Amino acid sequence: MGVNISNLDGNSRVYAVFGDPIHQVQTPRLINPIFAAAGVNIYAVPFLITAERFAAAWEIFSAIPNLCGISTTIPHKVAAAKRCSTLTPTAKAVGAVNCVQRGEDGQMNGALFDGVGFVDGLGEEKSRLRGARVLIVGAGGAGRTIAFALAEEGVGKIDLMDLSAESVAFTTAIVNNLRGEECAVAADGSAGWDYDIVINASPIGVKGDTIFPMPAAAIRPDMLIADIASLSEETAILRAAKAAGATVSDGNDMLLAQIRLMAGFAAGLPAGTAL
């Protein structure tokens, strides 16, 4: 049964959701009922913010007193972290945020819940992680967060692909520093596609016409295929994975696992406290 959300009033606060593209985001639909059920006068609203306009939008929104925070999705997680006044330890290590809390003093405090969201969102499939061979396509904010979390969970190897060599280098460095060994490496597909887990942490499938680098024919039934870009509609890689009989996980699994943590932080609670 749905939760009725009362009309906005003069005391309402806004939780802005920044992204490009924005049509696929589910955060407002999922988080607004949580705010309402808790009696918190906050409303999440999506905004299409391009990378070129991000800095200007950040300056304007962060100056609005009744803004309680910003949720950042593709492609803004790294850019937002650079503009935050404070960062949680994970956000600082990874250099990305997906939830920003605006303090009463106007300070912008960044947190990152994607890693715990991805791992917890796997449910029983979390047991696959230890020792697994993993391919992550996309080494931006979401990809590096997931890589960091998977390294903590004890995966065996992480191959990374991204158009930005700098992003791959940064992500491999933080993962290998965490593990104290070469766990993460740059990959180009030339060595084949022998993985246990394949993760799309890029906009492929929801923005532009880029084709996922791993061919559909390489998908095996024993694989776990995750596409965190898939929220409102199924992407090509997930359709191919289902056709091959593989286990799948989409962005909603990750989002649902962390949404109450995001709500709590947006409402002014300490990072990691659910609303």
# chains A, B, ... in the order shown; residues from 1 in each chain; ligands from 1
>>> closest_atom_pairs(of="stretch 60-80 of chain A", to="stretch 32-49 of chain A", cutoff="9 Å", atoms="only C-alpha atoms", output="tab-separated table")
residue	atom	partner	partner_atom	distance
A:Leu67	CA	A:Ile42	CA	9.0
A:Cys68	CA	A:Ile42	CA	7.7
A:Ile70	CA	A:Ala44	CA	8.8
A:Ser71	CA	A:Ala44	CA	8.8
A:His76	CA	A:Ile49	CA	8.9
>>> select_by_dssp(residues="stretch 96-208 of chain A", states="alpha helix (DSSP H)", output="ChimeraX atom specification")
/A:114-121,141-153,165-179
>>> write_last_selection(atoms="C-alpha atoms", output="PDB file, in the first residue's frame")
ATOM      1  CA  ASP A 114      27.113   2.375  -2.906  1.00  0.00           C
ATOM      2  CA  GLY A 115      29.591  -0.237  -1.730  1.00  0.00           C
ATOM      3  CA  VAL A 116      27.493  -1.552   1.142  1.00  0.00           C
ATOM      4  CA  GLY A 117      24.444  -1.187  -1.085  1.00  0.00           C
ATOM      5  CA  PHE A 118      25.894  -3.345  -3.839  1.00  0.00           C
ATOM      6  CA  VAL A 119      27.132  -6.088  -1.517  1.00  0.00           C
ATOM      7  CA  ASP A 120      23.994  -6.227   0.627  1.00  0.00           C
ATOM      8  CA  GLY A 121      21.812  -5.968  -2.477  1.00  0.00           C
ATOM      9  CA  GLY A 141      32.506   6.918  -8.666  1.00  0.00           C
ATOM     10  CA  ALA A 142      30.249   3.864  -8.603  1.00  0.00           C
ATOM     11  CA  GLY A 143      32.772   1.454 -10.096  1.00  0.00           C
ATOM     12  CA  ARG A 144      35.580   2.360  -7.727  1.00  0.00           C
ATOM     13  CA  THR A 145      33.197   2.189  -4.761  1.00  0.00           C
ATOM     14  CA  ILE A 146      32.070  -1.307  -5.711  1.00  0.00           C
ATOM     15  CA  ALA A 147      35.666  -2.396  -6.362  1.00  0.00           C
ATOM     16  CA  PHE A 148      36.664  -1.149  -2.911  1.00  0.00           C
ATOM     17  CA  ALA A 149      33.765  -2.995  -1.255  1.00  0.00           C
ATOM     18  CA  LEU A 150      34.470  -6.218  -3.167  1.00  0.00           C
ATOM     19  CA  ALA A 151      38.127  -6.077  -2.146  1.00  0.00           C
ATOM     20  CA  GLU A 152      36.978  -5.830   1.471  1.00  0.00           C
ATOM     21  CA  GLU A 153      34.753  -8.866   0.899  1.00  0.00           C
ATOM     22  CA  ALA A 165      43.026   5.398 -17.931  1.00  0.00           C
ATOM     23  CA  GLU A 166      43.330   7.818 -15.016  1.00  0.00           C
ATOM     24  CA  SER A 167      40.167   6.432 -13.395  1.00  0.00           C
ATOM     25  CA  VAL A 168      41.401   2.855 -13.809  1.00  0.00           C
ATOM     26  CA  ALA A 169      44.787   3.767 -12.317  1.00  0.00           C
ATOM     27  CA  PHE A 170      43.165   5.467  -9.317  1.00  0.00           C
ATOM     28  CA  THR A 171      40.812   2.556  -8.685  1.00  0.00           C
ATOM     29  CA  THR A 172      43.513  -0.100  -8.962  1.00  0.00           C
ATOM     30  CA  ALA A 173      45.670   1.922  -6.573  1.00  0.00           C
ATOM     31  CA  ILE A 174      43.063   2.210  -3.819  1.00  0.00           C
ATOM     32  CA  VAL A 175      42.060  -1.453  -4.113  1.00  0.00           C
ATOM     33  CA  ASN A 176      45.637  -2.741  -4.114  1.00  0.00           C
ATOM     34  CA  ASN A 177      46.559  -0.435  -1.240  1.00  0.00           C
ATOM     35  CA  LEU A 178      43.631  -1.795   0.757  1.00  0.00           C
ATOM     36  CA  ARG A 179      44.571  -5.402   0.065  1.00  0.00           C
TER      37      ARG A 179
END
>>> residues_around(residues="A:Ile31", least_positions_apart="6", cutoff="8 Å", atoms="only C-alpha atoms", output="number ranges by chain")
A: 44, 259-260, 263
>>> select_by_dssp(residues="stretch 99-235 of chain A", states="strand (DSSP E or B)", output="PyMOL selection string")
chain A and resi 99-102+108-111+133-137+157-161+184-186+197-200+224-227
>>> residues_around(residues="A:Ala217", least_positions_apart="3", cutoff="9 Å", atoms="only C-alpha atoms", output="JSON, numbers by chain")
{"A": [214, 220, 240, 244]}
>>> closest_residue(among="A:Gly138, A:Gly95, A:Gly131, A:Pro213", to="A:Ala81", atoms="only C-alpha atoms")
A:Gly95
>>> closest_residue(among="A:Ser202, A:Asn66, A:Gln26, A:Thr73", to="A:Glu233", atoms="only C-alpha atoms")
A:Gln26
>>> closest_residue(among="A:Ala139, A:Cys84, A:Val25, A:Leu231", to="A:Gln101", atoms="only C-alpha atoms")
A:Cys84
>>> closest_residue(among="A:Val248, A:Ala271, A:Ala57, A:Ile64", to="A:Leu87", atoms="only C-alpha atoms")
A:Ala271
>>> residues_around(residues="A:Ala218", least_positions_apart="3", cutoff="12 Å", atoms="only C-alpha atoms", output="PyMOL selection string")
chain A and resi 189+192-196+198+212-215+221-223+225+237+240-241+244+246
>>> residues_around(residues="A:Thr235", least_positions_apart="3", cutoff="8 Å", atoms="only C-alpha atoms", output="list in words")
Gly205, Val206, Asp227, Ser230, Leu238 and Arg239 of chain A
>>> closest_residue(among="A:Val97, A:Ala236, A:Ile211, A:Ala55", to="A:Gly140", atoms="only C-alpha atoms")
A:Val97
>>> residues_around(residues="A:Val155", least_positions_apart="5", cutoff="8 Å", atoms="only C-alpha atoms", output="MDAnalysis selection string")
chainID A and resid 129:134 150
>>> atom_distance(atom1="atom CA of A:Ser232", atom2="atom CA of A:His23")
8.1 Å
